[in-house]
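For reference, the structure discussed in these notes is given below.
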Amino acid sequence: MEESASLEPPNSAPWLVFPYGEGKKNHALYNIFEPANTSCRKFIPELSGKTFWQKTSHHGWLIVLCDVKDDNSMPNQKYGDCFLWNPLSLETIQLPSLLPWITSQPHGMYFIDCVLSSPPRNNLTKDVDSNDNDDPLVLVLYLPLWEPEIIALNYTFLFCHPGENQWRTQLFSEEINGHNCEVEYLHCFKNKLYAFGVSGDYLEIEKQHQVRAGDDNVSLSIKSFQVNDHTSVSLHGARDVCLGQRHFVEGHDDLFMVRRNFNDRGSEKVMISIRITRLDFTLMEWKLVNSLGDNVLFVGPKNRICCSAAKLGLSRGCLYYILPVDQFELYCIPMGYQISPADMRLYKFEVEGAEDYDISPYLRLPEPVFAPDWMMIPTGQRRKEGNLSVNEEDQDYISKEGGNKVSASSYNYSETESGKQLLRLGAVELEEEKIPWDILIEDMVVLIASYLHPLDYVHFRSVCKANRQIMPVGMSTFTSRQVLDAAHLSPLLLFSRDNSSTVYSLANPMHDNENYLMNFSELLLDATIRFQKGGWLLMSREIKLFFYNPFTREIILLPDFPGCYFTSDISFSSIPTSSDCIVFAIEGNESPDVNEISIHCIRRGEQDWSSYFFDEEMYSPLRNTLTSFNGAFYCVGYDGALGSFNLANGNIYWEVLEKPRQQFKDSYPSYLVKCGDDLLLVKLGCLDMPVRIFKIDFAEMEWVQVDSLGKHMLFISDITCFSATAPNSRMENKIYFPRLCLNGEGVLFYSLETGSYHSFGSQHFAKNFCGTKGWLRNCIWIELNWSLSTPQELDWSKPPSPP
């Protein structure tokens, strides 16, 4: 009978460990159970000047390598030494030295990964009848440093039992399906050793004896096997998906693969989605995971750990991961990589709701600081997770004059026979007011209601019990065209909390972040939002591309798209019912052998797409959200370079404006926004760098800093960016982001007046995104549009009506 081992050692919890100081001598420790405590500093002799590895199969043990020369922090340890260390029992088990493998430059070896098959056993716990096949095995994987004349990848496996004096070695090189096998991750799952590769290569490793008895004849049996993966293309992908990082995590009952998808914007990688799959060993196939159950995953540059949420007191079904704030090109942080103290960010991802929390600690460490990683550390009594989770019942409230409050977490978008409205569900806990509403007779209430915008109709109906008795749940008709004008209202933040549902949430920053629910058509299940303008969403589902107005539920179908949605930036110039609407797409190539990009466009009234081709090297640094401005589509690189696609006379002219490129040297995100007669650049910064705004001076071809937006406000997201005139003075001169502050504190915005991040109706005040949450798919700002279209306007192929 297989022994059921705990996923984590007794009285231990995952901590984030930051090495810092010359030679990585000291460590800063961060406990997710104590988010406010950022001052824990330790000198740990066993880890000082060293790099460590830990996985679920280690059961608390670390594999430690002394990789800093001239380190005297720990007696009897020197450069190249390798040992096992248990932070709970403080026990150390020496392993053979790795000095020959880390000093043979320039033809040396690159340390890929290592794993411990099971916790070491001492003489008291070792069974009399057991043999060395049952003993724990330390497995290390090395790869020769790349040389141009070497084509084949000759891996070297090092292995030994704890306490042995010498490493055994075994070479491996195999071709699978016409390519050299590439593996990067070592894991042990249910007593079997595996090596996995980022390109879908899989090896099973087993220790075996040769014909002759004796330890000297022990070798590894290494064989490849196939695993089907039909989840490699993101079902909920966004523009230009680049499958950047894959990490494998050993659970108790499942082996998980965490895949973080990125937008490829030249040399920059910006994460846009996370997908978690589990390996079905019966079918030998990766299966999509929509819930982790009691599992909590921790992913770092080297260490991947799975714990029980119930035992630790954590939120169920979460992933904690580390990501560099500058999103640099390297997918994996190299061992010993030096970083800025503010460069590493800590995120919490809730799988079921696809919610991504920024919970980064700001430790203020003295430089140099090195890349952090997870480690199971002994702790005292388990305590419930602090302010990392959000109570949905305490999310947001509508503030009324006189101190009355109404829960705003239960508005719904429902369909009636004569209209489709935003409605509020549930009981209204509002204290009745006899003055002034009781002086309104029924006819006056009905007359006022007929001139209200749908959102104001909801507010007016919830004022008192008398109004709710008079006014129907669904507003029947609009009596005035003026009712449809949304200029005096704020755009809403639209997002989905459940990937498998058509119910979307909307947050209204104008009314202290009150929330609504909107039910999309079932036909849009699993659809991806590509762009937004004027309340119309450009969406893709399977192989179809179409427009959708969620407020009127109108759909405009487009001719079949000739390219691939998942590698394309797609936008449109004006609302799809207008005669000058152009849909414009830029498609990158997945094949490394093809050095060009494809441009696809279609105009209102056309039945076929036009396609053009350009040199990819001219465009790749500018992969970003496309913005229509003065008859052209613009995109911007993180370095400030501006690209222009001009659609004059039915042709496309491509130009890179090089001069603006010289202005920015960092790699932080940039967003283009059309604001009045100006084309603005919103430049984000690191933790302490404020948001900066520039406008392009086309005469001088340079970016000019803007200090104030006046009465305008900007709405930023990775899908669409736009501006609007503020409906009141409280909302003007601000930039609104697609994130909510934790603890139900509403939409996050940046005030140019204060130079900080805030949220209406709360005390939130910060210099960065820390303490906020967002959604990695279908999270977008949307303008309000209840204007119904004619049947001709809903037919894309129909020629536009003359003005």
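To be explicit about the labels: the chains of the structure tokens are called A, B, and onward in the order shown, and within each one the residues are counted from 1, while ligands get numbers from 1 in the order they are shown.
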
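The protein and nucleic acid residues lying at most 9 Å from Lys207 in chain A are Asn133, Leu137, Val218, Ser219, Leu220, Ser221 and Ile222 of chain A, with only C-alpha atoms considered and sequence neighbours fewer than 4 positions away removed.
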
#### Entry: Nearby residues (only C-alpha atoms) at most 7 Å from Cys40 in chain A, same-chain spacing under 6 positions excluded, as a VMD selection string
chain A and resid 28 to 30

Write the selection just made, keeping C-alpha atoms, as an mmCIF file, in the first residue's frame?
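After the write, selection_3.cif holds the following:
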```cif
data_model
loop_
_atom_site.group_PDB
_atom_site.id
_atom_site.type_symbol
_atom_site.label_atom_id
_atom_site.label_comp_id
_atom_site.auth_asym_id
_atom_site.auth_seq_id
_atom_site.Cartn_x
_atom_site.Cartn_y
_atom_site.Cartn_z
ATOM 1 C CA ALA A 28 15.540 38.752 3.965
ATOM 2 C CA LEU A 29 12.549 36.547 4.715
ATOM 3 C CA TYR A 30 8.954 37.356 3.775
#
```

### Task
Determine which residues of range 628-783 of chain A DSSP labels as strand (DSSP E) from the backbone of this structure, then write them out as a ChimeraX atom specification.
/A:628-629,632-636,642-646,653-657,670-675,678-683,692-697,702-706,712-715,722-725,734-741,747-751,756-758,765-766,772-775,780-782

Residues as selected, C-alpha atoms, written as a tab-separated table (two decimals), in the first residue's frame, can you do that?
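Saved as part_29.tsv:
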```tsv
chain	number	residue	atom	x	y	z
A	628	SER	CA	-6.40	55.00	-34.59
A	629	PHE	CA	-5.41	58.67	-34.98
A	632	ALA	CA	-3.61	56.12	-39.43
A	633	PHE	CA	-2.99	53.33	-36.93
A	634	TYR	CA	-0.16	53.90	-34.46
A	635	CYS	CA	1.73	51.59	-32.14
A	636	VAL	CA	4.54	52.33	-29.71
A	642	LEU	CA	6.47	55.22	-32.75
A	643	GLY	CA	5.20	53.20	-35.68
A	644	SER	CA	2.60	54.45	-38.18
A	645	PHE	CA	0.42	52.51	-40.62
A	646	ASN	CA	-1.17	54.96	-43.02
A	653	TYR	CA	2.37	52.85	-45.81
A	654	TRP	CA	4.54	51.69	-42.92
A	655	GLU	CA	6.93	54.06	-41.17
A	656	VAL	CA	8.96	53.92	-37.97
A	657	LEU	CA	9.55	57.30	-36.37
A	670	SER	CA	3.73	52.21	-22.68
A	671	TYR	CA	0.19	52.91	-23.87
A	672	LEU	CA	-1.06	55.14	-26.68
A	673	VAL	CA	-4.25	57.17	-26.17
A	674	LYS	CA	-6.06	59.59	-28.47
A	675	CYS	CA	-7.11	62.58	-26.37
A	678	ASP	CA	-3.32	64.93	-29.28
A	679	LEU	CA	-1.77	61.48	-29.35
A	680	LEU	CA	-0.67	60.75	-25.80
A	681	LEU	CA	1.80	58.22	-24.42
A	682	VAL	CA	1.15	56.90	-20.91
A	683	LYS	CA	4.43	55.60	-19.53
A	692	ARG	CA	4.36	59.96	-16.86
A	693	ILE	CA	2.33	61.33	-19.78
A	694	PHE	CA	3.73	62.65	-23.06
A	695	LYS	CA	2.24	63.90	-26.30
A	696	ILE	CA	3.91	63.54	-29.67
A	697	ASP	CA	5.06	66.76	-31.31
A	702	GLU	CA	9.65	64.07	-30.09
A	703	TRP	CA	7.69	63.31	-26.96
A	704	VAL	CA	6.74	66.35	-24.86
A	705	GLN	CA	5.78	65.78	-21.24
A	706	VAL	CA	2.22	66.64	-20.20
A	712	HIS	CA	-10.06	64.81	-19.48
A	713	MET	CA	-9.61	61.34	-17.99
A	714	LEU	CA	-7.79	58.36	-19.50
A	715	PHE	CA	-8.85	54.71	-19.38
A	722	PHE	CA	-9.22	55.80	-24.76
A	723	SER	CA	-10.01	59.20	-23.24
A	724	ALA	CA	-13.22	60.91	-22.19
A	725	THR	CA	-14.37	64.24	-20.78
A	734	LYS	CA	-6.89	61.07	-13.66
A	735	ILE	CA	-5.84	57.79	-15.31
A	736	TYR	CA	-8.04	54.77	-14.60
A	737	PHE	CA	-6.58	51.26	-14.64
A	738	PRO	CA	-8.27	47.84	-15.04
A	739	ARG	CA	-7.60	46.87	-11.44
A	740	LEU	CA	-9.52	46.96	-8.17
A	741	CYS	CA	-8.02	47.73	-4.80
A	747	VAL	CA	-11.31	50.96	-9.15
A	748	LEU	CA	-7.67	51.98	-9.08
A	749	PHE	CA	-6.75	55.34	-10.59
A	750	TYR	CA	-3.69	57.54	-10.75
A	751	SER	CA	-4.09	61.21	-9.90
A	756	SER	CA	-0.23	58.63	-6.37
A	757	TYR	CA	-2.70	55.80	-6.86
A	758	HIS	CA	-6.12	56.07	-5.19
A	765	PHE	CA	-3.07	55.53	-1.24
A	766	ALA	CA	-0.04	53.98	-2.92
A	772	THR	CA	-4.66	45.55	-6.10
A	773	LYS	CA	-6.21	42.79	-8.20
A	774	GLY	CA	-7.03	42.41	-11.87
A	775	TRP	CA	-8.14	39.82	-14.42
A	780	ILE	CA	-11.49	46.10	-20.38
A	781	TRP	CA	-12.93	49.59	-20.03
A	782	ILE	CA	-16.14	50.02	-22.03
```

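CA of Cys188 in chain A sits 19.5 Å away from CA of Asp373 in chain A.
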